[in-house]
file final.txt (compact mmCIF, C-alpha atoms and all ligand atoms)
# COMPACT_ATOMS: atom_id res chain seq x y z
CA MET A 156 26.47 23.43 -13.89
CA PHE A 157 22.81 22.36 -14.06
CA SER A 158 21.83 18.70 -13.91
CA ARG A 159 20.56 16.97 -17.06
CA ARG A 160 17.23 16.71 -15.27
CA ILE A 161 16.95 20.48 -14.96
CA LYS A 162 18.26 21.15 -18.47
CA LEU A 163 15.48 18.92 -19.85
CA LEU A 164 12.84 20.63 -17.73
CA LYS A 165 10.15 22.69 -19.45
CA ALA A 166 9.16 25.73 -17.41
CA TYR A 167 5.50 26.12 -16.44
CA LYS A 168 3.94 28.63 -18.83
CA THR A 169 1.46 31.22 -17.63
CA GLU A 170 -0.50 33.62 -19.84
CA THR A 171 0.75 37.14 -19.18
CA THR A 172 -0.29 39.02 -22.34
CA PRO A 173 -1.82 42.28 -21.04
CA CYS A 174 -5.58 42.35 -21.73
CA THR A 175 -8.47 44.26 -20.17
CA ILE A 176 -10.47 41.10 -19.59
CA LYS A 177 -8.48 38.30 -18.01
CA LEU A 178 -10.13 34.89 -18.31
CA SER A 179 -6.97 32.81 -18.35
CA SER A 180 -6.01 31.77 -14.82
CA ASN A 181 -9.23 30.53 -13.19
CA GLU A 182 -9.19 33.34 -10.65
CA ASN A 183 -12.23 34.82 -8.92
CA PRO A 184 -13.03 37.86 -11.13
CA PHE A 185 -14.18 39.93 -8.13
CA ASP A 186 -11.51 41.88 -6.25
CA LEU A 187 -12.03 42.75 -2.58
CA GLU A 188 -14.26 45.80 -2.15
CA GLU A 189 -12.57 49.12 -1.36
CA SER A 190 -14.15 49.18 2.12
CA ILE A 191 -12.69 45.76 2.93
CA LYS A 192 -9.28 46.85 1.65
CA LEU A 193 -9.47 49.78 4.07
CA GLU A 194 -10.26 47.37 6.92
CA LEU A 195 -7.08 45.51 5.96
CA LEU A 196 -5.01 48.60 6.77
CA GLU A 197 -5.89 48.02 10.43
CA VAL A 198 -4.86 44.36 10.07
CA LEU A 199 -1.53 45.37 8.53
CA LYS A 200 -0.86 47.92 11.30
CA LYS A 201 -0.73 45.10 13.85
CA ILE A 202 2.01 43.21 12.01
CA GLU A 203 5.53 43.44 13.38
CA PHE A 204 7.34 43.76 10.07
CA ASN A 205 10.77 43.27 11.67
CA ARG A 206 9.82 39.77 12.92
CA TYR A 207 9.60 36.46 11.10
CA PRO A 208 6.07 35.15 10.59
CA ASP A 209 4.52 32.45 12.79
CA PRO A 210 6.06 29.25 11.34
CA HIS A 211 3.00 27.25 12.37
CA ALA A 212 0.45 29.76 11.00
CA THR A 213 -1.44 29.01 14.24
CA LYS A 214 -4.26 31.53 13.89
CA LEU A 215 -4.82 30.90 10.20
CA ARG A 216 -4.82 27.13 10.75
CA GLN A 217 -7.55 27.56 13.39
CA THR A 218 -9.61 29.66 10.99
CA LEU A 219 -9.13 27.26 8.08
CA ALA A 220 -9.92 24.32 10.38
CA LYS A 221 -13.35 25.87 11.03
CA LEU A 222 -13.86 26.50 7.32
CA TYR A 223 -12.95 22.91 6.38
CA ASP A 224 -14.60 21.33 9.47
CA VAL A 225 -11.40 19.63 10.64
CA GLU A 226 -8.94 20.26 13.51
CA PRO A 227 -5.96 22.62 13.16
CA ASP A 228 -3.56 19.66 13.46
CA ASN A 229 -5.10 18.17 10.31
CA ILE A 230 -3.75 21.13 8.30
CA MET A 231 -0.42 22.32 6.99
CA VAL A 232 -0.61 25.82 5.52
CA CYS A 233 1.46 26.26 2.37
CA ASN A 234 2.59 29.02 0.02
CA GLY A 235 -0.15 28.10 -2.40
CA SER A 236 -1.03 24.47 -3.05
CA ASP A 237 1.89 24.38 -5.50
CA GLU A 238 4.17 24.22 -2.47
CA ALA A 239 2.16 21.32 -1.04
CA ILE A 240 2.61 19.44 -4.34
CA GLN A 241 6.37 19.82 -3.99
CA TYR A 242 6.38 18.52 -0.40
CA LEU A 243 4.21 15.55 -1.34
CA MET A 244 6.46 14.64 -4.27
CA LEU A 245 9.49 14.82 -1.97
CA ALA A 246 7.89 12.96 0.92
CA ILE A 247 5.82 10.09 -0.42
CA GLY A 248 7.65 7.00 -1.62
CA GLU A 249 11.24 6.94 -2.87
CA LEU A 250 12.26 9.40 -5.58
CA GLU A 251 12.86 6.57 -8.06
CA GLU A 252 9.27 5.40 -7.58
CA GLY A 253 6.63 6.62 -9.99
CA VAL A 254 3.81 9.13 -9.74
CA LEU A 255 0.42 8.41 -11.32
CA ILE A 256 -1.27 11.34 -13.03
CA PRO A 257 -4.21 11.51 -15.42
CA LYS A 258 -3.30 13.44 -18.54
CA PRO A 259 -4.25 16.16 -19.41
CA THR A 260 -4.25 17.67 -15.94
CA PHE A 261 -2.74 20.52 -13.92
CA PRO A 262 0.85 20.79 -15.30
CA MET A 263 2.62 21.44 -11.98
CA TYR A 264 2.42 17.75 -11.02
CA GLU A 265 4.52 16.90 -14.05
CA VAL A 266 6.89 19.88 -13.67
CA ILE A 267 7.70 18.97 -10.05
CA ALA A 268 7.96 15.22 -10.72
CA ASN A 269 10.39 15.97 -13.59
CA ALA A 270 12.39 18.39 -11.44
CA LEU A 271 12.89 15.59 -8.93
CA GLY A 272 13.51 12.93 -11.57
CA ARG A 273 10.44 10.92 -10.52
CA PRO A 274 8.95 8.67 -13.23
CA ILE A 275 5.46 9.63 -14.35
CA TYR A 276 2.83 7.00 -15.09
CA GLU A 277 0.20 8.72 -17.20
CA VAL A 278 -3.42 7.67 -17.34
CA THR A 279 -5.10 8.70 -20.57
CA LEU A 280 -8.60 10.13 -20.53
CA ASP A 281 -11.52 9.01 -22.69
CA LYS A 282 -13.83 11.33 -24.62
CA HIS A 283 -15.78 12.09 -21.44
CA PHE A 284 -12.47 12.94 -19.75
CA GLN A 285 -12.75 9.92 -17.45
CA MET A 286 -9.75 7.65 -16.91
CA GLU A 287 -9.43 4.92 -19.53
CA LYS A 288 -9.71 1.57 -17.77
CA GLU A 289 -6.79 -0.13 -19.51
CA SER A 290 -4.51 2.83 -19.10
CA LEU A 291 -5.40 3.09 -15.39
CA GLU A 292 -4.77 -0.60 -14.80
CA LYS A 293 -1.44 -0.38 -16.62
CA ALA A 294 -0.33 2.64 -14.56
CA ILE A 295 -1.31 0.85 -11.33
CA SER A 296 0.55 -2.30 -12.41
CA LEU A 297 3.75 -0.20 -12.48
CA LYS A 298 3.28 0.32 -8.71
CA PRO A 299 3.36 4.12 -8.37
CA SER A 300 3.91 5.33 -4.81
CA LEU A 301 1.52 8.24 -5.16
CA ALA A 302 -1.18 9.66 -7.41
CA PHE A 303 -2.34 13.23 -8.02
CA ILE A 304 -5.99 13.65 -8.92
CA SER A 305 -7.26 17.14 -9.66
CA ASN A 306 -10.95 16.81 -8.78
CA PRO A 307 -12.53 18.66 -10.61
CA ASN A 308 -9.80 18.29 -13.18
CA ASN A 309 -8.02 21.30 -14.61
CA PRO A 310 -8.33 21.85 -17.61
CA THR A 311 -11.24 19.53 -18.41
CA GLY A 312 -13.59 20.73 -15.65
CA ASN A 313 -15.07 17.32 -14.75
CA LEU A 314 -15.07 15.28 -11.55
CA PHE A 315 -13.52 11.83 -11.81
CA SER A 316 -15.58 8.76 -10.98
CA ASP A 317 -15.62 7.70 -7.31
CA ASN A 318 -14.96 4.12 -8.44
CA ASP A 319 -11.73 5.06 -10.20
CA ILE A 320 -10.59 7.07 -7.20
CA SER A 321 -11.38 4.12 -4.85
CA PHE A 322 -9.47 1.80 -7.17
CA ILE A 323 -6.41 4.08 -7.08
CA ARG A 324 -6.65 4.44 -3.29
CA LYS A 325 -6.58 0.69 -2.86
CA HIS A 326 -3.19 0.56 -4.56
CA THR A 327 -1.36 3.76 -3.79
CA PHE A 328 -1.32 6.99 -1.79
CA CYS A 329 -3.81 9.37 -3.34
CA VAL A 330 -3.68 13.18 -3.29
CA ILE A 331 -6.99 14.77 -4.17
CA ASP A 332 -6.44 18.32 -5.36
CA GLU A 333 -9.65 20.18 -4.54
CA ALA A 334 -8.58 23.60 -5.86
CA TYR A 335 -12.07 23.96 -7.44
CA TYR A 336 -14.06 22.43 -4.57
CA ASP A 337 -16.12 25.58 -4.01
CA PHE A 338 -17.66 25.33 -7.47
CA CYS A 339 -18.80 21.70 -7.13
CA GLY A 340 -19.10 20.79 -3.44
CA LYS A 341 -17.48 17.37 -3.79
CA THR A 342 -14.84 16.61 -1.17
CA TYR A 343 -12.71 13.80 0.22
CA ILE A 344 -11.74 15.73 3.37
CA LYS A 345 -13.67 13.39 5.71
CA ASP A 346 -11.63 10.45 4.37
CA ALA A 347 -8.36 12.38 4.45
CA ILE A 348 -8.55 13.13 8.19
CA LYS A 349 -9.02 9.50 9.16
CA ASP A 350 -7.26 7.47 6.47
CA ASP A 351 -3.50 7.53 5.98
CA SER A 352 -3.74 6.61 2.30
CA ILE A 353 -5.25 9.89 1.13
CA ALA A 354 -4.64 13.64 1.54
CA VAL A 355 -6.57 16.64 0.21
CA MET A 356 -5.25 19.97 -1.06
CA ARG A 357 -7.26 23.17 -0.93
CA THR A 358 -6.39 26.73 -1.92
CA LEU A 359 -7.67 30.26 -1.36
CA SER A 360 -6.46 31.18 -4.87
CA LYS A 361 -9.64 30.32 -6.74
CA ILE A 362 -12.00 32.06 -4.34
CA GLY A 363 -10.59 35.56 -4.42
CA LEU A 364 -7.21 35.57 -2.69
CA ALA A 365 -4.79 34.37 -5.38
CA SER A 366 -2.35 37.20 -4.62
CA LEU A 367 -1.76 35.92 -1.07
CA ARG A 368 -0.47 32.46 -2.06
CA VAL A 369 -2.25 30.46 0.64
CA GLY A 370 -2.98 26.78 0.21
CA ALA A 371 -3.68 23.97 2.66
CA LEU A 372 -2.72 20.33 2.85
CA ILE A 373 -5.21 18.28 4.86
CA GLY A 374 -4.61 14.81 6.23
CA THR A 375 -4.48 12.76 9.43
CA LYS A 376 -2.67 14.43 12.32
CA GLU A 377 0.17 11.88 12.09
CA PHE A 378 0.52 12.49 8.35
CA ILE A 379 0.62 16.28 8.77
CA LYS A 380 3.15 15.98 11.60
CA GLU A 381 5.46 13.82 9.48
CA ILE A 382 5.26 15.86 6.25
CA SER A 383 5.69 19.11 8.19
CA LYS A 384 9.33 18.08 8.76
CA LEU A 385 9.88 19.19 5.16
CA LYS A 386 8.17 22.56 5.50
CA MET A 387 10.29 25.68 5.03
CA PRO A 388 10.08 27.34 8.45
CA PHE A 389 8.59 30.64 7.29
CA ASN A 390 6.82 29.56 4.12
CA VAL A 391 3.77 31.84 4.41
CA SER A 392 4.42 35.54 4.99
CA ALA A 393 2.97 37.35 8.00
CA THR A 394 0.93 39.62 5.70
CA SER A 395 -0.58 36.65 3.87
CA GLN A 396 -1.38 34.86 7.13
CA ALA A 397 -2.99 37.94 8.66
CA ILE A 398 -5.01 38.93 5.59
CA ALA A 399 -6.20 35.39 4.82
CA ASP A 400 -7.21 34.94 8.46
CA TYR A 401 -9.07 38.26 8.51
CA ILE A 402 -10.95 37.71 5.26
CA VAL A 403 -11.95 34.11 6.00
CA SER A 404 -13.00 35.04 9.57
CA ASN A 405 -14.98 38.14 8.65
CA HIS A 406 -16.01 38.05 5.01
CA VAL A 407 -16.66 34.44 4.13
CA ASP A 408 -20.30 35.27 3.33
CA LYS A 409 -19.13 37.72 0.68
CA ILE A 410 -16.91 35.04 -0.85
CA LYS A 411 -19.80 32.55 -0.81
CA SER A 412 -22.07 34.98 -2.61
CA GLN A 413 -19.40 35.60 -5.27
CA ILE A 414 -19.05 31.84 -5.75
CA GLN A 415 -22.82 31.60 -6.19
CA THR A 416 -22.70 34.35 -8.83
CA ILE A 417 -19.91 32.52 -10.67
CA ILE A 418 -21.92 29.27 -10.60
CA GLU A 419 -24.96 31.09 -12.02
CA GLU A 420 -22.83 32.70 -14.72
CA ARG A 421 -21.41 29.25 -15.53
CA GLN A 422 -24.91 28.05 -16.40
CA ARG A 423 -25.74 31.19 -18.41
CA LEU A 424 -22.44 31.14 -20.28
CA LYS A 425 -22.80 27.47 -21.11
CA GLU A 426 -26.24 28.11 -22.62
CA GLU A 427 -25.09 31.18 -24.55
CA LEU A 428 -21.88 29.63 -25.89
CA SER A 429 -23.73 26.46 -26.94
CA LYS A 430 -25.88 28.62 -29.24
CA ILE A 431 -22.83 29.82 -31.20
CA GLU A 432 -22.17 27.72 -34.27
CA GLY A 433 -18.64 26.30 -34.46
CA ILE A 434 -18.14 26.01 -30.70
CA LYS A 435 -18.40 22.84 -28.66
CA VAL A 436 -18.83 23.59 -24.96
CA TYR A 437 -18.13 20.97 -22.31
CA ASP A 438 -19.90 20.72 -18.96
CA SER A 439 -17.93 22.10 -16.07
CA CYS A 440 -17.91 21.58 -12.29
CA ALA A 441 -15.34 24.35 -11.87
CA ASN A 442 -14.98 28.11 -12.47
CA PHE A 443 -13.84 27.66 -16.07
CA PHE A 444 -14.98 26.05 -19.30
CA LEU A 445 -13.33 24.07 -21.98
CA ILE A 446 -14.43 24.85 -25.52
CA LYS A 447 -13.46 23.28 -28.81
CA VAL A 448 -13.23 25.35 -31.99
CA LYS A 449 -11.98 24.76 -35.50
CA ASN A 450 -8.80 26.79 -35.10
CA ALA A 451 -7.85 27.54 -31.50
CA ASP A 452 -4.76 29.62 -32.39
CA PHE A 453 -6.88 31.92 -34.52
CA VAL A 454 -9.67 32.24 -31.94
CA HIS A 455 -7.24 32.78 -29.07
CA LYS A 456 -5.37 35.52 -31.00
CA SER A 457 -8.59 37.15 -32.20
CA LEU A 458 -9.86 37.30 -28.62
CA ILE A 459 -6.60 38.95 -27.51
CA GLN A 460 -7.09 41.57 -30.23
CA LYS A 461 -10.48 42.26 -28.68
CA GLY A 462 -8.86 42.61 -25.23
CA ILE A 463 -9.86 39.17 -23.88
CA LEU A 464 -7.24 36.76 -22.59
CA THR A 465 -8.07 33.05 -22.49
CA ARG A 466 -5.84 29.98 -22.29
CA ASN A 467 -5.02 28.15 -25.51
CA ILE A 468 -4.38 24.57 -24.38
CA SER A 469 -4.11 23.00 -27.82
CA TYR A 470 -0.62 21.73 -26.97
CA LEU A 471 -2.05 19.25 -24.42
CA PRO A 472 -2.70 15.62 -25.43
CA ASN A 473 -6.15 15.08 -27.00
CA LEU A 474 -6.96 18.76 -26.63
CA GLU A 475 -6.06 20.08 -30.04
CA ASN A 476 -8.09 23.22 -30.81
CA HIS A 477 -9.35 23.51 -27.24
CA ILE A 478 -9.40 26.74 -25.27
CA ARG A 479 -9.91 27.08 -21.53
CA ILE A 480 -11.97 30.08 -20.45
CA SER A 481 -12.38 31.22 -16.84
CA ILE A 482 -15.81 32.50 -15.84
CA GLY A 483 -15.67 36.26 -15.39
CA LYS A 484 -18.04 38.98 -14.21
CA LYS A 485 -21.35 39.24 -16.06
CA GLU A 486 -20.13 42.12 -18.23
CA GLU A 487 -16.89 40.29 -19.03
CA ASN A 488 -18.81 37.17 -20.02
CA ASP A 489 -21.11 39.31 -22.19
CA ALA A 490 -18.03 40.77 -23.91
CA LEU A 491 -16.72 37.25 -24.49
CA ILE A 492 -20.02 36.09 -25.99
CA SER A 493 -20.16 39.12 -28.33
CA ALA A 494 -16.51 38.68 -29.33
CA LEU A 495 -16.98 35.00 -30.16
CA LYS A 496 -20.07 35.84 -32.21
CA GLU A 497 -18.02 38.38 -34.21
CA ILE A 498 -15.03 36.13 -34.85
CA SER A 499 -15.57 33.91 -37.84
CA LEU A 500 -15.30 30.47 -36.32
C1 LIG B 601 -5.80 21.86 -9.99
C2 LIG B 601 -4.96 22.98 -9.46
N1 LIG B 601 -4.25 22.78 -8.35
C3 LIG B 601 -3.49 23.75 -7.82
C4 LIG B 601 -3.42 24.99 -8.42
C5 LIG B 601 -2.51 26.03 -7.83
O1 LIG B 601 -3.06 26.55 -6.70
P1 LIG B 601 -2.25 27.59 -5.81
O2 LIG B 601 -2.53 28.94 -6.34
O3 LIG B 601 -2.82 27.38 -4.43
O4 LIG B 601 -0.78 27.23 -5.86
C6 LIG B 601 -4.14 25.26 -9.57
C7 LIG B 601 -4.06 26.56 -10.23
O5 LIG B 601 -4.45 26.79 -11.33
C8 LIG B 601 -4.94 24.22 -10.10
O6 LIG B 601 -5.64 24.39 -11.23

call {"tool": "encode", "arguments": {"input": "final.txt", "output": "structure tokens", "more": "lines below"}}
Ligand SMILES: Cc1ncc(COP(=O)(O)O)c(C=O)c1O
result
Amino acid sequence: MFSRRIKLLKAYKTETTPCTIKLSSNENPFDLEESIKLELLEVLKKIEFNRYPDPHATKLRQTLAKLYDVEPDNIMVCNGSDEAIQYLMLAIGELEEGVLIPKPTFPMYEVIANALGRPIYEVTLDKHFQMEKESLEKAISLKPSLAFISNPNNPTGNLFSDNDISFIRKHTFCVIDEAYYDFCGKTYIKDAIKDDSIAVMRTLSKIGLASLRVGALIGTKEFIKEISKLKMPFNVSATSQAIADYIVSNHVDKIKSQIQTIIEERQRLKEELSKIEGIKVYDSCANFFLIKVKNADFVHKSLIQKGILTRNISYLPNLENHIRISIGKKEENDALISALKEISL
């Protein structure tokens, strides 16, 4: 019944082991305050639950346009940026044409390319997690019709060099996935709204609203108009549209202060973890860290026993014995530091 393509597909794995401290999915550790949740009851009361949602997410697009300093017609709102990845893979180039991705990177690019049978041209990363020159040139010589660049890159946490990104843009359509923009401030949005060879993805998932599944694809108006032909008519629910719009319109300062706290914790955690013998900590421009230990399986399991869930990414190329750890609340980070000190590394 299923195609060979689908039979060969490996499902995207998420960490779901129940733990008190969840540092595995790069979420914002701060939930909305109770008082804000009560305000949302008023927002929900206004929804007509018997009606389909606004297919154009008009109000939310206006609000996001202000946030991103673009016009509403530069934005397509998606059910998380995962949905945008799918539309881009379907829309750009022919399906038999290849997709350039650095590796290791966010696995959904590969999952969706494989689901569609698109060839993948991998670019290997060097020890600083930058693209290896030869590998990049080889991938470009295969003439991919699009490239996905997670910038900062998940799971390595670094920004890629502007030169490499310019080189890729000269040869193929480039999608810059800025899921972690808020933790680094580097953006290609200004280019994306005037140049048809680049688009940017953003998401509300990493800044406190992961449950809503709201992402945005940003590009020129012509690009957004064309790719919107693929959009499922009611892809973002009315509740998600209304809540995202309300929070971004009224509580963006709160979100910004949480981001600032996470950035400060990133610095503190880096310093504290660097002091622990047996751990190598990498710099990060995102809301997570990559660490290297002697035995990642053992450390990952020992942390679970202590109620702390992290992401063991040892299965990824060149990342043997590496663990990805999201930055949590101060007390969660303290628990992590104590736990790592107790585990014999
Ligand atoms: C680089 C990157 N892009 C996209 C996503 C998914 O974002 P969303 O929740 O908007 O689908 C993630 C989630 O981990 C990510 O790391």

call {"tool": "closest_residue", "arguments": {"input": "final.txt", "among": "A:Arg479, A:Lys386, A:Arg421, A:Lys484", "to": "Asn234 in chain A", "atoms": "all atoms listed in the file"}}
result
A:Lys386

call {"tool": "residues_near_ligand", "arguments": {"input": "final.txt", "ligand": "ligand LIG 601 (chain B)", "cutoff": "6 Å", "atoms": "only C-alpha atoms and all ligand atoms", "output": "list in words"}}
result
Gly235, Ser236, Asp237, Phe261, Ser305, Asn309, Asp332, Ala334, Thr358, Ser360, Ala365, Arg368, Val369 and Gly370 of chain A

call {"tool": "write_last_selection", "arguments": {"input": "final.txt", "atoms": "C-alpha atoms", "output": "PDB file, in the coordinates of the input"}}
result
ATOM      1  CA  GLY A 235      -0.150  28.100  -2.400  1.00  0.00           C
ATOM      2  CA  SER A 236      -1.030  24.470  -3.050  1.00  0.00           C
ATOM      3  CA  ASP A 237       1.890  24.380  -5.500  1.00  0.00           C
ATOM      4  CA  PHE A 261      -2.740  20.520 -13.920  1.00  0.00           C
ATOM      5  CA  SER A 305      -7.260  17.140  -9.660  1.00  0.00           C
ATOM      6  CA  ASN A 309      -8.020  21.300 -14.610  1.00  0.00           C
ATOM      7  CA  ASP A 332      -6.440  18.320  -5.360  1.00  0.00           C
ATOM      8  CA  ALA A 334      -8.580  23.600  -5.860  1.00  0.00           C
ATOM      9  CA  THR A 358      -6.390  26.730  -1.920  1.00  0.00           C
ATOM     10  CA  SER A 360      -6.460  31.180  -4.870  1.00  0.00           C
ATOM     11  CA  ALA A 365      -4.790  34.370  -5.380  1.00  0.00           C
ATOM     12  CA  ARG A 368      -0.470  32.460  -2.060  1.00  0.00           C
ATOM     13  CA  VAL A 369      -2.250  30.460   0.640  1.00  0.00           C
ATOM     14  CA  GLY A 370      -2.980  26.780   0.210  1.00  0.00           C
TER      15      GLY A 370
END

call {"tool": "axis_aligned_box", "arguments": {"input": "final.txt", "around": "range 373-385 of chain A", "padding_each_side": "4 Å", "output": "lines of an AutoDock Vina configuration file"}}
result
center_x = 2.3
center_y = 15.5
center_z = 8.6
size_x = 23.1
size_y = 15.3
size_z = 15.5

call {"tool": "closest_atom_pairs", "arguments": {"input": "final.txt", "of": "range 421-444 of chain A", "to": "range 175-187 of chain A", "cutoff": "9 Å", "atoms": "all atoms listed in the file", "output": "CSV"}}
result
residue,atom,partner,partner_atom,distance
A:Ala441,CA,A:Asn181,CA,8.8
A:Asn442,CA,A:Asn181,CA,6.3
A:Phe443,CA,A:Asn181,CA,6.1

call {"tool": "residues_around", "arguments": {"input": "final.txt", "residues": "range 462-466 of chain A", "least_positions_apart": "5", "cutoff": "10 Å", "atoms": "all atoms listed in the file", "output": "PDB file with C-alpha atoms, keeping the file's coordinate frame"}}
result
ATOM      1  CA  THR A 169       1.460  31.220 -17.630  1.00  0.00           C
ATOM      2  CA  GLU A 170      -0.500  33.620 -19.840  1.00  0.00           C
ATOM      3  CA  THR A 171       0.750  37.140 -19.180  1.00  0.00           C
ATOM      4  CA  THR A 172      -0.290  39.020 -22.340  1.00  0.00           C
ATOM      5  CA  PRO A 173      -1.820  42.280 -21.040  1.00  0.00           C
ATOM      6  CA  CYS A 174      -5.580  42.350 -21.730  1.00  0.00           C
ATOM      7  CA  THR A 175      -8.470  44.260 -20.170  1.00  0.00           C
ATOM      8  CA  ILE A 176     -10.470  41.100 -19.590  1.00  0.00           C
ATOM      9  CA  LYS A 177      -8.480  38.300 -18.010  1.00  0.00           C
ATOM     10  CA  LEU A 178     -10.130  34.890 -18.310  1.00  0.00           C
ATOM     11  CA  SER A 179      -6.970  32.810 -18.350  1.00  0.00           C
ATOM     12  CA  SER A 180      -6.010  31.770 -14.820  1.00  0.00           C
ATOM     13  CA  ASN A 181      -9.230  30.530 -13.190  1.00  0.00           C
ATOM     14  CA  PRO A 310      -8.330  21.850 -17.610  1.00  0.00           C
ATOM     15  CA  LEU A 445     -13.330  24.070 -21.980  1.00  0.00           C
ATOM     16  CA  ALA A 451      -7.850  27.540 -31.500  1.00  0.00           C
ATOM     17  CA  VAL A 454      -9.670  32.240 -31.940  1.00  0.00           C
ATOM     18  CA  HIS A 455      -7.240  32.780 -29.070  1.00  0.00           C
ATOM     19  CA  LYS A 456      -5.370  35.520 -31.000  1.00  0.00           C
ATOM     20  CA  SER A 457      -8.590  37.150 -32.200  1.00  0.00           C
ATOM     21  CA  HIS A 477      -9.350  23.510 -27.240  1.00  0.00           C
ATOM     22  CA  ILE A 478      -9.400  26.740 -25.270  1.00  0.00           C
ATOM     23  CA  ARG A 479      -9.910  27.080 -21.530  1.00  0.00           C
ATOM     24  CA  ILE A 480     -11.970  30.080 -20.450  1.00  0.00           C
ATOM     25  CA  SER A 481     -12.380  31.220 -16.840  1.00  0.00           C
ATOM     26  CA  GLU A 487     -16.890  40.290 -19.030  1.00  0.00           C
ATOM     27  CA  ASN A 488     -18.810  37.170 -20.020  1.00  0.00           C
ATOM     28  CA  ALA A 490     -18.030  40.770 -23.910  1.00  0.00           C
ATOM     29  CA  LEU A 491     -16.720  37.250 -24.490  1.00  0.00           C
ATOM     30  CA  ALA A 494     -16.510  38.680 -29.330  1.00  0.00           C
TER      31      ALA A 494
END

call {"tool": "closest_residue", "arguments": {"input": "final.txt", "among": "A:Phe204, A:Asp452, A:Ile295, A:Leu250", "to": "Tyr470 in chain A", "atoms": "all atoms listed in the file"}}
result
A:Asp452

call {"tool": "atom_distance", "arguments": {"input": "final.txt", "atom1": "CA of Lys258 in chain A", "atom2": "CA of Val278 in chain A"}}
result
5.9 Å

call {"tool": "residues_around", "arguments": {"input": "final.txt", "residues": "Thr279 in chain A", "least_positions_apart": "3", "cutoff": "8 Å", "atoms": "all atoms listed in the file", "output": "PyMOL selection string"}}
result
chain A and resi 257-259+286-287+290-291

call {"tool": "atom_distance", "arguments": {"input": "final.txt", "atom1": "CA of Gly248 in chain A", "atom2": "CA of Ile161 in chain A"}}
result
21.1 Å

call {"tool": "atom_distance", "arguments": {"input": "final.txt", "atom1": "CA of Leu367 in chain A", "atom2": "CA of Val391 in chain A"}}
result
8.8 Å

call {"tool": "closest_residue", "arguments": {"input": "final.txt", "among": "A:Ile247, A:Ile446, A:Lys288, A:Ile362", "to": "Asn318 in chain A", "atoms": "only C-alpha atoms"}}
result
A:Lys288

call {"tool": "closest_residue", "arguments": {"input": "final.txt", "among": "A:Glu381, A:Asp408, A:Glu333, A:Glu289", "to": "Met231 in chain A", "atoms": "all atoms listed in the file"}}
result
A:Glu381

call {"tool": "residues_around", "arguments": {"input": "final.txt", "residues": "Asp337 in chain A", "least_positions_apart": "6", "cutoff": "12 Å", "atoms": "all atoms listed in the file", "output": "list of chain:residue names"}}
result
A:Asn183, A:Leu222, A:Tyr223, A:Asn306, A:Pro307, A:Arg357, A:Thr358, A:Leu359, A:Ser360, A:Lys361, A:Ile362, A:Gly363, A:Ile410, A:Lys411, A:Ser412, A:Gln413, A:Ile414, A:Gln415, A:Thr416, A:Ile417, A:Ile418, A:Cys440, A:Ala441, A:Asn442

call {"tool": "residues_around", "arguments": {"input": "final.txt", "residues": "Leu385 in chain A", "least_positions_apart": "3", "cutoff": "8 Å", "atoms": "only C-alpha atoms", "output": "PyMOL selection string"}}
result
chain A and resi 242+246+382

call {"tool": "write_last_selection", "arguments": {"input": "final.txt", "atoms": "C-alpha atoms", "output": "PDB file, in the coordinates of the input"}}
result
ATOM      1  CA  TYR A 242       6.380  18.520  -0.400  1.00  0.00           C
ATOM      2  CA  ALA A 246       7.890  12.960   0.920  1.00  0.00           C
ATOM      3  CA  ILE A 382       5.260  15.860   6.250  1.00  0.00           C
TER       4      ILE A 382
END
